[in-house]
file entry-v1.csv (CSV, C-alpha atoms)
chain,number,residue,atom,x,y,z
A,446,MET,CA,4.9,-15.6,18.6
A,447,ASN,CA,3.5,-14.1,15.5
A,448,THR,CA,4.6,-16.9,13.1
A,449,LEU,CA,1.8,-18.6,11.2
A,450,LYS,CA,2.8,-22.1,10.3
A,451,LEU,CA,0.7,-24.5,8.2
A,452,VAL,CA,2.3,-27.8,7.5
A,453,GLY,CA,0.9,-30.7,5.5
A,454,LYS,CA,2.4,-33.7,3.9
A,455,HIS,CA,3.5,-31.6,0.8
A,456,PHE,CA,2.7,-28.0,1.6
A,457,HIS,CA,4.8,-26.0,4.1
A,458,ILE,CA,3.7,-22.5,4.6
A,459,GLU,CA,5.0,-19.8,7.0
A,460,ALA,CA,4.1,-16.2,7.4
A,461,ASP,CA,5.2,-13.5,9.7
A,462,LEU,CA,2.0,-11.9,11.1
A,463,GLY,CA,4.1,-9.5,13.1
A,464,LYS,CA,5.0,-7.5,10.0
A,465,PHE,CA,2.3,-5.8,8.0
A,466,TYR,CA,3.0,-4.4,4.5
A,467,GLY,CA,-0.6,-3.5,3.8
A,468,GLY,CA,-1.9,-3.7,0.2
A,469,VAL,CA,-3.0,-6.8,-1.6
A,470,TYR,CA,-0.3,-9.1,-0.2
A,471,PRO,CA,0.0,-7.9,3.4
A,472,PHE,CA,2.4,-10.4,5.1
A,473,PRO,CA,5.8,-11.9,4.3
A,474,LEU,CA,5.2,-15.5,3.3
A,475,VAL,CA,7.1,-18.6,2.4
A,476,MET,CA,5.4,-21.5,0.6
A,477,LEU,CA,7.3,-24.7,0.0
A,478,LEU,CA,5.8,-27.6,-1.9
A,479,ASP,CA,7.8,-30.8,-1.7
A,480,GLY,CA,10.8,-28.6,-1.1
A,481,HIS,CA,10.3,-26.3,-4.1
A,482,VAL,CA,10.3,-22.6,-3.2
A,483,VAL,CA,7.0,-21.6,-4.7
A,484,VAL,CA,6.9,-18.4,-2.6
A,485,GLY,CA,9.9,-16.8,-1.0
A,486,MET,CA,13.1,-15.0,-1.9
A,487,CYS,CA,16.8,-14.8,-1.0
A,488,TRP,CA,19.4,-12.1,-1.3
A,489,LYS,CA,22.9,-12.2,0.1
A,490,LYS,CA,22.8,-8.8,1.6
A,491,TRP,CA,19.1,-8.1,2.2
A,492,SER,CA,18.2,-11.5,3.8
A,493,SER,CA,21.7,-12.6,4.8
A,494,GLY,CA,21.7,-15.3,2.2
A,495,LYS,CA,18.7,-17.0,3.7
A,496,LEU,CA,15.3,-17.8,2.4
A,497,THR,CA,12.9,-15.1,3.5
A,498,GLY,CA,9.2,-14.3,3.1
A,499,ALA,CA,7.9,-12.4,0.0
A,500,PRO,CA,4.7,-10.3,0.1
A,501,GLY,CA,1.9,-12.8,0.3
A,502,ASP,CA,-1.5,-13.5,1.9
A,503,PRO,CA,-2.3,-16.5,4.1
A,504,TYR,CA,-6.1,-15.9,3.6
A,505,GLY,CA,-5.4,-15.9,-0.2
A,506,VAL,CA,-3.5,-19.2,0.1
A,507,VAL,CA,-6.5,-21.0,1.8
A,508,GLN,CA,-9.1,-19.2,-0.3
A,509,ASP,CA,-7.5,-20.1,-3.7
A,510,LEU,CA,-6.5,-23.7,-2.7
A,511,LEU,CA,-10.0,-24.5,-1.5
A,512,ASP,CA,-11.6,-22.7,-4.4
A,513,SER,CA,-9.4,-24.7,-6.9
A,514,ILE,CA,-10.8,-27.9,-5.5
A,515,ARG,CA,-14.4,-26.7,-5.8
A,516,PHE,CA,-13.6,-25.8,-9.4
A,517,PHE,CA,-11.9,-29.2,-10.1
A,518,MET,CA,-15.0,-31.0,-8.7
A,519,ARG,CA,-17.6,-29.2,-10.8
A,520,ALA,CA,-15.8,-28.1,-14.0
A,521,ARG,CA,-16.2,-29.5,-17.5
A,522,SER,CA,-13.3,-30.5,-19.6
A,523,GLY,CA,-11.1,-27.6,-20.8
A,524,GLU,CA,-12.5,-25.0,-18.4
A,525,LEU,CA,-10.2,-22.3,-17.0
A,526,VAL,CA,-10.3,-19.9,-14.0
A,527,GLY,CA,-8.5,-16.6,-14.1
A,528,VAL,CA,-6.1,-17.2,-17.0
A,529,LYS,CA,-5.9,-18.1,-20.6
A,530,ARG,CA,-4.4,-21.4,-21.7
A,531,GLU,CA,-2.0,-19.6,-24.1
A,532,THR,CA,-0.8,-17.4,-21.2
A,533,VAL,CA,0.2,-20.4,-19.2
A,534,ARG,CA,2.0,-21.8,-22.3
A,535,GLU,CA,3.7,-18.4,-22.8
A,536,TYR,CA,5.3,-18.8,-19.4
A,537,GLY,CA,6.8,-22.0,-20.7
A,538,PHE,CA,4.6,-24.6,-19.0
A,539,ARG,CA,3.3,-27.6,-20.9
A,540,VAL,CA,-0.4,-28.0,-20.3
A,541,LYS,CA,-2.9,-30.3,-22.0
A,542,GLU,CA,-5.5,-29.1,-24.4
A,543,ASP,CA,-8.5,-30.3,-22.3
A,544,SER,CA,-7.2,-30.1,-18.8
A,545,LEU,CA,-8.7,-27.8,-16.1
A,546,ILE,CA,-6.5,-24.9,-15.0
A,547,TYR,CA,-7.0,-22.6,-12.0
A,548,SER,CA,-4.8,-19.6,-11.6
A,549,ALA,CA,-4.0,-19.1,-7.9
A,550,THR,CA,-3.5,-15.4,-7.9
A,551,SER,CA,-4.3,-14.5,-4.3
A,552,ILE,CA,-1.3,-16.2,-2.8
A,553,ALA,CA,1.6,-13.9,-3.4
A,554,ASP,CA,3.0,-11.1,-5.4
A,555,SER,CA,5.2,-11.7,-8.4
A,556,VAL,CA,4.5,-15.5,-8.4
A,557,TYR,CA,2.4,-17.3,-11.0
A,558,ILE,CA,0.8,-20.5,-9.8
A,559,PHE,CA,-1.3,-22.6,-12.1
A,560,LEU,CA,-3.1,-25.6,-10.8
A,561,GLU,CA,-3.8,-28.1,-13.5
A,562,ARG,CA,-6.0,-31.1,-13.1
A,563,THR,CA,-6.0,-34.0,-15.5
A,564,ARG,CA,-7.9,-37.1,-14.3
A,565,ASP,CA,-6.5,-38.0,-10.9
A,566,ILE,CA,-3.5,-35.8,-11.0
A,567,VAL,CA,-2.9,-32.2,-9.9
A,568,LYS,CA,0.1,-30.5,-11.4
A,569,VAL,CA,1.3,-27.3,-9.6
A,570,HIS,CA,3.1,-25.1,-12.2
A,571,TYR,CA,4.9,-22.2,-10.5
A,572,TYR,CA,7.1,-19.3,-11.7
A,573,ASN,CA,8.5,-17.4,-8.7
A,574,ARG,CA,9.8,-14.3,-10.4
A,575,LEU,CA,11.5,-13.1,-7.2
A,576,LEU,CA,14.0,-15.9,-7.6
A,577,ASP,CA,14.8,-14.9,-11.2
A,578,GLU,CA,17.7,-12.7,-10.2
A,579,THR,CA,18.5,-14.2,-6.8
A,580,ASP,CA,22.2,-14.0,-5.8
A,581,CYS,CA,22.0,-16.9,-3.4
A,582,PRO,CA,23.7,-19.8,-5.2
A,583,GLU,CA,21.4,-22.5,-3.7
A,584,PHE,CA,18.3,-21.0,-5.2
A,585,ARG,CA,19.7,-20.0,-8.6
A,586,GLY,CA,17.8,-21.5,-11.6
A,587,LYS,CA,15.0,-22.7,-9.3
A,588,GLN,CA,12.4,-20.1,-10.1
A,589,LYS,CA,10.3,-22.4,-12.2
A,590,GLY,CA,9.0,-25.8,-11.8
A,591,THR,CA,6.1,-28.3,-11.9
A,592,ILE,CA,5.2,-30.5,-9.0
A,593,GLU,CA,2.8,-33.5,-9.4
A,594,LEU,CA,0.5,-34.7,-6.7
A,595,SER,CA,-2.3,-37.2,-6.8
A,596,LEU,CA,-5.7,-35.5,-6.6
A,597,VAL,CA,-6.5,-37.3,-3.3
A,598,GLU,CA,-3.3,-36.2,-1.7
A,599,PHE,CA,-3.8,-32.6,-2.9
A,600,VAL,CA,-7.3,-32.5,-1.5
A,601,GLU,CA,-6.2,-34.0,1.8
A,602,ASP,CA,-3.3,-31.6,2.2
A,603,VAL,CA,-5.4,-28.6,1.4
A,604,LEU,CA,-8.0,-29.7,3.9
A,605,ARG,CA,-5.3,-30.2,6.5
A,606,ILE,CA,-3.7,-26.8,6.2
A,607,SER,CA,-7.1,-25.0,5.7
A,608,ARG,CA,-8.4,-26.4,9.0
A,609,LYS,CA,-5.2,-25.3,10.8
A,610,TYR,CA,-5.5,-21.8,9.4
A,611,LEU,CA,-9.2,-21.4,10.2
A,612,LYS,CA,-8.9,-22.8,13.7
A,613,ASN,CA,-5.6,-21.2,14.8
A,614,TYR,CA,-5.0,-18.1,12.8
A,615,ALA,CA,-8.2,-16.7,11.2
A,616,SER,CA,-9.1,-14.7,14.3
A,617,ILE,CA,-5.6,-13.3,14.7
A,618,VAL,CA,-5.6,-12.2,11.0
A,619,GLU,CA,-9.0,-10.6,11.5
A,620,GLN,CA,-7.7,-8.7,14.5
A,621,ILE,CA,-4.7,-7.4,12.6
A,622,MET,CA,-6.9,-6.3,9.7
A,623,MET,CA,-9.1,-4.5,12.1
A,624,LYS,CA,-6.3,-2.8,13.9
A,625,GLN,CA,-4.8,-1.7,10.5
A,626,ARG,CA,-8.2,-0.4,9.4
A,627,GLU,CA,-8.3,-2.7,6.5
A,628,GLU,CA,-11.5,-4.3,5.2
A,629,PRO,CA,-12.2,-7.6,7.1
A,630,TYR,CA,-11.8,-10.9,5.3
A,631,ASP,CA,-14.8,-13.2,4.9
A,632,HIS,CA,-13.7,-16.3,6.8
A,633,ASP,CA,-17.2,-17.7,7.0
A,634,VAL,CA,-17.1,-18.6,3.3
A,635,LEU,CA,-13.8,-20.5,3.8
A,636,TRP,CA,-15.4,-22.5,6.6
A,637,GLU,CA,-18.3,-23.3,4.3
A,638,TRP,CA,-16.0,-24.4,1.4
A,639,TYR,CA,-13.9,-26.4,3.8
A,640,ARG,CA,-17.0,-28.4,5.1
A,641,GLU,CA,-18.3,-28.8,1.6
A,642,ILE,CA,-15.1,-30.3,0.3
A,643,LYS,CA,-14.5,-32.5,3.4
A,644,GLU,CA,-18.0,-34.0,3.0
A,645,LEU,CA,-17.5,-34.7,-0.7
A,646,HIS,CA,-14.1,-36.1,-0.1
A,647,GLN,CA,-15.3,-38.5,2.6
A,648,LYS,CA,-18.1,-39.7,0.3
A,649,ARG,CA,-15.7,-40.5,-2.5
A,650,ILE,CA,-13.2,-42.4,-0.3
B,1492,MET,CA,1.1,9.9,-16.6
B,1493,GLY,CA,4.8,10.7,-16.4
B,1494,GLN,CA,5.0,11.9,-12.8
B,1495,LYS,CA,8.2,12.4,-11.0
B,1496,ILE,CA,8.1,10.5,-7.7
B,1497,VAL,CA,10.5,10.2,-4.8
B,1498,VAL,CA,11.5,6.8,-3.4
B,1499,ASN,CA,14.1,6.5,-0.6
B,1500,GLY,CA,15.1,10.1,-1.1
B,1501,GLN,CA,15.7,9.6,-4.8
B,1502,ALA,CA,13.7,11.3,-7.5
B,1503,LYS,CA,12.5,9.1,-10.4
B,1504,GLN,CA,10.8,10.1,-13.6
B,1505,LEU,CA,8.2,7.6,-14.6
B,1506,PRO,CA,7.4,6.9,-18.3
B,1507,LYS,CA,4.4,8.6,-19.8
B,1508,VAL,CA,1.6,6.3,-21.1
B,1509,PHE,CA,-1.6,8.4,-20.5
B,1510,ASN,CA,-2.0,12.1,-21.1
B,1511,SER,CA,-4.7,12.8,-18.6
B,1512,GLU,CA,-6.7,11.3,-15.7
B,1513,GLU,CA,-9.7,11.0,-18.0
B,1514,GLU,CA,-7.6,8.9,-20.5
B,1515,LEU,CA,-6.4,6.7,-17.6
B,1516,ALA,CA,-10.0,6.3,-16.2
B,1517,GLY,CA,-11.3,5.4,-19.7
B,1518,PHE,CA,-8.6,2.8,-20.1
B,1519,LEU,CA,-9.4,1.2,-16.7
B,1520,ARG,CA,-13.1,1.1,-17.5
B,1521,GLU,CA,-12.3,-0.7,-20.8
B,1522,VAL,CA,-10.1,-3.3,-19.1
B,1523,VAL,CA,-12.6,-4.0,-16.3
B,1524,SER,CA,-15.6,-4.3,-18.6
B,1525,LYS,CA,-13.8,-6.5,-21.2
B,1526,ALA,CA,-12.3,-8.7,-18.5
B,1527,LEU,CA,-15.7,-9.3,-16.8
B,1528,LYS,CA,-17.3,-10.3,-20.1
B,1529,ASP,CA,-14.6,-13.0,-20.6
B,1530,PRO,CA,-15.7,-16.2,-18.9
B,1531,ASP,CA,-12.2,-17.4,-18.2
B,1532,TYR,CA,-11.5,-14.3,-16.1
B,1533,ALA,CA,-15.1,-13.9,-14.8
B,1534,GLU,CA,-15.0,-17.5,-13.3
B,1535,LYS,CA,-12.6,-16.1,-10.6
B,1536,PHE,CA,-15.6,-14.4,-8.9
B,1537,SER,CA,-16.7,-17.5,-7.0
B,1538,GLY,CA,-17.6,-16.0,-3.6
B,1539,GLY,CA,-14.2,-15.7,-2.0
B,1540,GLY,CA,-13.2,-12.5,-0.2
B,1541,LYS,CA,-10.5,-11.3,-2.6
B,1542,VAL,CA,-10.2,-11.6,-6.3
B,1543,VAL,CA,-6.9,-10.8,-8.0
B,1544,LEU,CA,-7.0,-10.9,-11.7
B,1545,PRO,CA,-3.9,-10.3,-13.9
B,1546,VAL,CA,-5.3,-9.5,-17.3
B,1547,ASP,CA,-3.4,-9.8,-20.6
B,1548,LEU,CA,-4.4,-6.7,-22.5
B,1549,LYS,CA,-3.6,-8.2,-25.9
B,1550,LYS,CA,-5.9,-11.2,-25.2
B,1551,LEU,CA,-8.7,-8.7,-24.6
B,1552,GLY,CA,-7.9,-6.8,-27.8
B,1553,ILE,CA,-6.6,-3.7,-26.0
B,1554,ASN,CA,-3.5,-2.2,-27.3
B,1555,VAL,CA,-1.6,0.4,-25.1
B,1556,GLU,CA,2.0,0.9,-26.0
B,1557,GLY,CA,4.2,0.1,-23.0
B,1558,ILE,CA,1.7,-2.0,-20.9
B,1559,ASP,CA,1.1,-5.7,-21.5
B,1560,GLN,CA,-0.6,-6.8,-18.3
B,1561,VAL,CA,-2.8,-5.1,-15.6
B,1562,GLU,CA,-3.7,-6.6,-12.3
B,1563,LEU,CA,-7.2,-5.9,-11.1
B,1564,VAL,CA,-8.0,-6.4,-7.4
B,1565,PHE,CA,-11.6,-6.8,-6.2
B,1566,LEU,CA,-12.9,-7.2,-2.7
B,1567,LYS,CA,-16.2,-8.7,-1.7
B,1568,LYS,CA,-18.8,-6.3,-0.3
B,1569,LYS,CA,-19.4,-6.9,3.4
B,1570,GLY,CA,-22.4,-9.0,4.1
B,1571,SER,CA,-23.0,-9.9,0.4
B,1572,SER,CA,-22.4,-13.3,-1.1
B,1573,ASN,CA,-21.2,-12.3,-4.5
B,1574,MET,CA,-20.9,-8.5,-4.9
B,1575,TYR,CA,-17.5,-7.1,-5.5
B,1576,TYR,CA,-16.0,-3.7,-5.9
B,1577,LEU,CA,-12.7,-2.7,-7.5
B,1578,LYS,CA,-10.2,-2.0,-4.8
B,1579,THR,CA,-7.2,-1.2,-6.9
B,1580,ALA,CA,-5.6,-1.7,-10.3
B,1581,TYR,CA,-1.9,-1.5,-11.4
B,1582,PRO,CA,0.2,-2.5,-14.4
B,1583,THR,CA,2.5,-5.5,-13.8
B,1584,ARG,CA,4.2,-6.0,-17.1
B,1585,GLY,CA,5.3,-3.9,-20.0
B,1586,SER,CA,8.2,-1.9,-21.5
B,1587,LYS,CA,6.9,1.3,-19.7
B,1588,VAL,CA,6.2,-0.5,-16.4
B,1589,LEU,CA,8.9,0.0,-13.8
B,1590,GLU,CA,9.3,-1.8,-10.5
B,1591,TYR,CA,11.3,-0.7,-7.5
B,1592,ARG,CA,13.2,-3.5,-5.8
B,1593,GLU,CA,13.6,-2.8,-2.1
B,1594,TRP,CA,16.3,-5.4,-1.7
B,1595,SER,CA,18.6,-4.1,-4.4
B,1596,LYS,CA,17.4,-0.5,-4.4
B,1597,GLU,CA,17.1,-0.7,-8.2
B,1598,TRP,CA,14.4,0.2,-10.7
B,1599,VAL,CA,13.7,-2.6,-13.2
B,1600,VAL,CA,11.8,-2.5,-16.5
B,1601,THR,CA,9.3,-5.4,-16.5
B,1602,GLY,CA,8.5,-5.7,-20.2
call {"tool": "encode", "arguments": {"input": "entry-v1.csv", "output": "structure tokens"}}
result
Amino acid sequence: MNTLKLVGKHFHIEADLGKFYGGVYPFPLVMLLDGHVVVGMCWKKWSSGKLTGAPGDPYGVVQDLLDSIRFFMRARSGELVGVKRETVREYGFRVKEDSLIYSATSIADSVYIFLERTRDIVKVHYYNRLLDETDCPEFRGKQKGTIELSLVEFVEDVLRISRKYLKNYASIVEQIMMKQREEPYDHDVLWEWYREIKELHQKRI
Amino acid sequence: MGQKIVVNGQAKQLPKVFNSEEELAGFLREVVSKALKDPDYAEKFSGGGKVVLPVDLKKLGINVEGIDQVELVFLKKKGSSNMYYLKTAYPTRGSKVLEYREWSKEWVVTG
């Protein structure tokens, strides 16, 4: 089976490694967070009315989630990564003036994901533009939302799914990229970040 | 540059924003150099394999009629810890930016 599955307490990620779109977001991917469809789409005809993967990148998921934690741990009040505070507000999200915001852009096409940390809380603001015009009734009006997790639970979930990805899927993804003659991904750096965060997290608890 | 392209057997006339390849290259150079000088955008280069950077042109003081946002994609050079090269760049939002939707077989204006 070519299905990649990363399940944590809050995150649920699936990707079809049997399909390869190429480009920046090479695989069809679904990402649910506490039941919200952060990545994925649905069309009556095209996907038979079922939730289906949108162009995404499992490497990008793990990279950006781990990287956001590294940022949250070292950043000073009000710092941003990859986005302007006004831009986040223009998309209709309420964000504090001095919070930390990380834009998780490597996860999927046509989805804006802004991770905001204030004290011990991580808010995941998402705008899934592919659900804007969905014709599946159950997903209508659900393209935007904010999910709140405690920082500890966020870190633990990211560690859980990252470990699963690195142990079970990184080498398969590497093989596919090689076969498709795409530039290989740097998985070593993700292992490094994973260990760094795990160590810090254990010290804090 | 106003090309006519064929998608799924149908010809489509794209809107014209740039008059020449030189003009387009100059525009991309300006976007990349201004984005990299902006700490909020530059922070994204933290050592990961892939950096995707959607850049709001107005926030960088660049005005091009019909394009509001450009996405820059960088990949890390093999064997280096923090050297990147620009892999691709494409517009993602604007009144002259069109997207083809595979599922509905429609062209949509994104601005």
call {"tool": "closest_residue", "arguments": {"input": "entry-v1.csv", "among": "B:Ile1558, B:Leu1589, B:Ala1580, B:Leu1544", "to": "chain A", "atoms": "all atoms listed in the file"}}
result
B:Leu1544
call {"tool": "residues_around", "arguments": {"input": "entry-v1.csv", "residues": "B:Asp1531", "least_positions_apart": "5", "cutoff": "10 Å", "atoms": "all atoms listed in the file", "output": "list in words"}}
result
Glu524, Leu525, Val526, Gly527, Val528, Lys529, Arg530, Ile546 and Tyr547 of chain A; Ala1526 of chain B
call {"tool": "residues_around", "arguments": {"input": "entry-v1.csv", "residues": "A:Leu594", "least_positions_apart": "6", "cutoff": "10 Å", "atoms": "only C-alpha atoms", "output": "PDB file with C-alpha atoms, in the coordinates of the input"}}
result
ATOM      1  CA  HIS A 455       3.500 -31.600   0.800  1.00  0.00           C
ATOM      2  CA  ASP A 479       7.800 -30.800  -1.700  1.00  0.00           C
ATOM      3  CA  ARG A 562      -6.000 -31.100 -13.100  1.00  0.00           C
ATOM      4  CA  ASP A 565      -6.500 -38.000 -10.900  1.00  0.00           C
ATOM      5  CA  ILE A 566      -3.500 -35.800 -11.000  1.00  0.00           C
ATOM      6  CA  VAL A 567      -2.900 -32.200  -9.900  1.00  0.00           C
ATOM      7  CA  LYS A 568       0.100 -30.500 -11.400  1.00  0.00           C
ATOM      8  CA  VAL A 569       1.300 -27.300  -9.600  1.00  0.00           C
ATOM      9  CA  VAL A 600      -7.300 -32.500  -1.500  1.00  0.00           C
TER      10      VAL A 600
END
call {"tool": "residues_around", "arguments": {"input": "entry-v1.csv", "residues": "stretch 515-518 of chain A", "least_positions_apart": "3", "cutoff": "7 Å", "atoms": "only C-alpha atoms", "output": "list of chain:residue names"}}
result
A:Leu511, A:Asp512, A:Leu545, A:Arg562
call {"tool": "closest_residue", "arguments": {"input": "entry-v1.csv", "among": "A:Val618, A:Glu459, A:Ile642, A:Arg564", "to": "A:Leu596", "atoms": "only C-alpha atoms"}}
result
A:Arg564
call {"tool": "atom_distance", "arguments": {"input": "entry-v1.csv", "atom1": "atom CA of B:Lys1596", "atom2": "atom CA of B:Asn1499"}}
result
8.6 Å
call {"tool": "interface_residues", "arguments": {"input": "entry-v1.csv", "of": "chain B", "to": "chain A", "cutoff": "10 Å", "atoms": "all atoms listed in the file", "output": "mmCIF file with C-alpha atoms, in the frame of the given file"}}
result
data_model
loop_
_atom_site.group_PDB
_atom_site.id
_atom_site.type_symbol
_atom_site.label_atom_id
_atom_site.label_comp_id
_atom_site.auth_asym_id
_atom_site.auth_seq_id
_atom_site.Cartn_x
_atom_site.Cartn_y
_atom_site.Cartn_z
ATOM 1 C CA ALA B 1526 -12.300 -8.700 -18.500
ATOM 2 C CA ASP B 1529 -14.600 -13.000 -20.600
ATOM 3 C CA PRO B 1530 -15.700 -16.200 -18.900
ATOM 4 C CA ASP B 1531 -12.200 -17.400 -18.200
ATOM 5 C CA TYR B 1532 -11.500 -14.300 -16.100
ATOM 6 C CA ALA B 1533 -15.100 -13.900 -14.800
ATOM 7 C CA GLU B 1534 -15.000 -17.500 -13.300
ATOM 8 C CA LYS B 1535 -12.600 -16.100 -10.600
ATOM 9 C CA PHE B 1536 -15.600 -14.400 -8.900
ATOM 10 C CA SER B 1537 -16.700 -17.500 -7.000
ATOM 11 C CA GLY B 1538 -17.600 -16.000 -3.600
ATOM 12 C CA GLY B 1539 -14.200 -15.700 -2.000
ATOM 13 C CA GLY B 1540 -13.200 -12.500 -0.200
ATOM 14 C CA LYS B 1541 -10.500 -11.300 -2.600
ATOM 15 C CA VAL B 1542 -10.200 -11.600 -6.300
ATOM 16 C CA VAL B 1543 -6.900 -10.800 -8.000
ATOM 17 C CA LEU B 1544 -7.000 -10.900 -11.700
ATOM 18 C CA PRO B 1545 -3.900 -10.300 -13.900
ATOM 19 C CA VAL B 1546 -5.300 -9.500 -17.300
ATOM 20 C CA ASP B 1547 -3.400 -9.800 -20.600
ATOM 21 C CA LYS B 1550 -5.900 -11.200 -25.200
ATOM 22 C CA GLU B 1562 -3.700 -6.600 -12.300
ATOM 23 C CA VAL B 1564 -8.000 -6.400 -7.400
ATOM 24 C CA PHE B 1565 -11.600 -6.800 -6.200
ATOM 25 C CA LEU B 1566 -12.900 -7.200 -2.700
ATOM 26 C CA LYS B 1567 -16.200 -8.700 -1.700
ATOM 27 C CA LYS B 1568 -18.800 -6.300 -0.300
ATOM 28 C CA LYS B 1569 -19.400 -6.900 3.400
ATOM 29 C CA GLY B 1570 -22.400 -9.000 4.100
ATOM 30 C CA SER B 1571 -23.000 -9.900 0.400
ATOM 31 C CA SER B 1572 -22.400 -13.300 -1.100
ATOM 32 C CA LYS B 1578 -10.200 -2.000 -4.800
ATOM 33 C CA THR B 1579 -7.200 -1.200 -6.900
ATOM 34 C CA THR B 1583 2.500 -5.500 -13.800
ATOM 35 C CA ARG B 1592 13.200 -3.500 -5.800
ATOM 36 C CA GLU B 1593 13.600 -2.800 -2.100
ATOM 37 C CA TRP B 1594 16.300 -5.400 -1.700
ATOM 38 C CA SER B 1595 18.600 -4.100 -4.400
#
call {"tool": "residues_around", "arguments": {"input": "entry-v1.csv", "residues": "stretch 1512-1521 of chain B", "least_positions_apart": "4", "cutoff": "9 Å", "atoms": "all atoms listed in the file", "output": "list in words"}}
result
Met1492, Val1508, Lys1525, Ala1526, Ile1553, Val1555 and Ala1580 of chain B
call {"tool": "closest_residue", "arguments": {"input": "entry-v1.csv", "among": "B:Ser1524, B:Gln1494, B:Asn1510, B:Ser1586", "to": "B:Gln1560", "atoms": "all atoms listed in the file"}}
result
B:Ser1586
call {"tool": "closest_residue", "arguments": {"input": "entry-v1.csv", "among": "B:Glu1556, B:Lys1549, B:Glu1590, B:Leu1527", "to": "B:Leu1505", "atoms": "only C-alpha atoms"}}
result
B:Glu1590
call {"tool": "residues_near_point", "arguments": {"input": "entry-v1.csv", "point": "(14.8, -23.1, -6.0)", "cutoff": "6 Å", "atoms": "all atoms listed in the file", "output": "ChimeraX atom specification"}}
result
/A:481-482,584,587-588
call {"tool": "residues_around", "arguments": {"input": "entry-v1.csv", "residues": "stretch 493-498 of chain A", "least_positions_apart": "5", "cutoff": "6 Å", "atoms": "all atoms listed in the file", "output": "list of chain:residue names"}}
result
A:Pro473, A:Leu474, A:Val475, A:Gly485, A:Met486, A:Cys487, A:Trp488, A:Cys581
call {"tool": "residues_near_point", "arguments": {"input": "entry-v1.csv", "point": "(-3.4, -25.0, 5.2)", "cutoff": "9 Å", "atoms": "all atoms listed in the file", "output": "list in words"}}
result
Lys450, Leu451, Val452, Gly453, Phe456, His457, Ile458, Pro503, Val506, Val507, Leu510, Asp602, Val603, Leu604, Arg605, Ile606, Ser607, Arg608, Lys609, Tyr610 and Leu611 of chain A
call {"tool": "atom_distance", "arguments": {"input": "entry-v1.csv", "atom1": "atom CA of A:Tyr536", "atom2": "atom CA of A:Tyr571"}}
result
9.5 Å
call {"tool": "atom_distance", "arguments": {"input": "entry-v1.csv", "atom1": "atom CA of A:Tyr572", "atom2": "atom CA of A:Gly463"}}
result
26.8 Å
call {"tool": "closest_residue", "arguments": {"input": "entry-v1.csv", "among": "A:Glu535, A:Glu644, A:Asp502, A:Asp461", "to": "A:Glu601", "atoms": "only C-alpha atoms"}}
result
A:Glu644
call {"tool": "closest_residue", "arguments": {"input": "entry-v1.csv", "among": "B:Gly1493, B:Asn1573, B:Val1523, B:Val1599", "to": "B:Phe1509", "atoms": "all atoms listed in the file"}}
result
B:Gly1493
call {"tool": "build_atoms", "arguments": {"input": "entry-v1.csv", "residues": "stretch 473-481 of chain A", "atoms": "N, CA, C and O atoms", "output": "PDB file, keeping the file's coordinate frame"}}
result
ATOM      1  N   PRO A 473       4.723 -11.100   4.946  1.00  0.00           N
ATOM      2  CA  PRO A 473       5.800 -11.900   4.300  1.00  0.00           C
ATOM      3  C   PRO A 473       5.502 -13.366   4.454  1.00  0.00           C
ATOM      4  O   PRO A 473       5.165 -13.839   5.534  1.00  0.00           O
ATOM      5  N   LEU A 474       5.613 -14.070   3.352  1.00  0.00           N
ATOM      6  CA  LEU A 474       5.200 -15.500   3.300  1.00  0.00           C
ATOM      7  C   LEU A 474       6.150 -16.356   2.538  1.00  0.00           C
ATOM      8  O   LEU A 474       6.723 -15.936   1.535  1.00  0.00           O
ATOM      9  N   VAL A 475       6.338 -17.550   3.072  1.00  0.00           N
ATOM     10  CA  VAL A 475       7.100 -18.600   2.400  1.00  0.00           C
ATOM     11  C   VAL A 475       6.212 -19.756   2.118  1.00  0.00           C
ATOM     12  O   VAL A 475       5.466 -20.160   3.011  1.00  0.00           O
ATOM     13  N   MET A 476       6.220 -20.276   0.908  1.00  0.00           N
ATOM     14  CA  MET A 476       5.400 -21.500   0.600  1.00  0.00           C
ATOM     15  C   MET A 476       6.326 -22.486  -0.090  1.00  0.00           C
ATOM     16  O   MET A 476       6.841 -22.212  -1.176  1.00  0.00           O
ATOM     17  N   LEU A 477       6.523 -23.624   0.567  1.00  0.00           N
ATOM     18  CA  LEU A 477       7.300 -24.700   0.000  1.00  0.00           C
ATOM     19  C   LEU A 477       6.328 -25.818  -0.414  1.00  0.00           C
ATOM     20  O   LEU A 477       5.377 -26.106   0.320  1.00  0.00           O
ATOM     21  N   LEU A 478       6.597 -26.436  -1.557  1.00  0.00           N
ATOM     22  CA  LEU A 478       5.800 -27.600  -1.900  1.00  0.00           C
ATOM     23  C   LEU A 478       6.777 -28.686  -2.332  1.00  0.00           C
ATOM     24  O   LEU A 478       7.528 -28.527  -3.303  1.00  0.00           O
ATOM     25  N   ASP A 479       6.790 -29.744  -1.558  1.00  0.00           N
ATOM     26  CA  ASP A 479       7.800 -30.800  -1.700  1.00  0.00           C
ATOM     27  C   ASP A 479       9.195 -30.221  -1.883  1.00  0.00           C
ATOM     28  O   ASP A 479       9.976 -30.672  -2.723  1.00  0.00           O
ATOM     29  N   GLY A 480       9.486 -29.207  -1.108  1.00  0.00           N
ATOM     30  CA  GLY A 480      10.800 -28.600  -1.100  1.00  0.00           C
ATOM     31  C   GLY A 480      11.057 -27.530  -2.149  1.00  0.00           C
ATOM     32  O   GLY A 480      12.046 -26.802  -2.071  1.00  0.00           O
ATOM     33  N   HIS A 481      10.140 -27.396  -3.128  1.00  0.00           N
ATOM     34  CA  HIS A 481      10.300 -26.300  -4.100  1.00  0.00           C
ATOM     35  C   HIS A 481       9.863 -24.991  -3.481  1.00  0.00           C
ATOM     36  O   HIS A 481       8.846 -24.928  -2.795  1.00  0.00           O
TER      37      HIS A 481
END
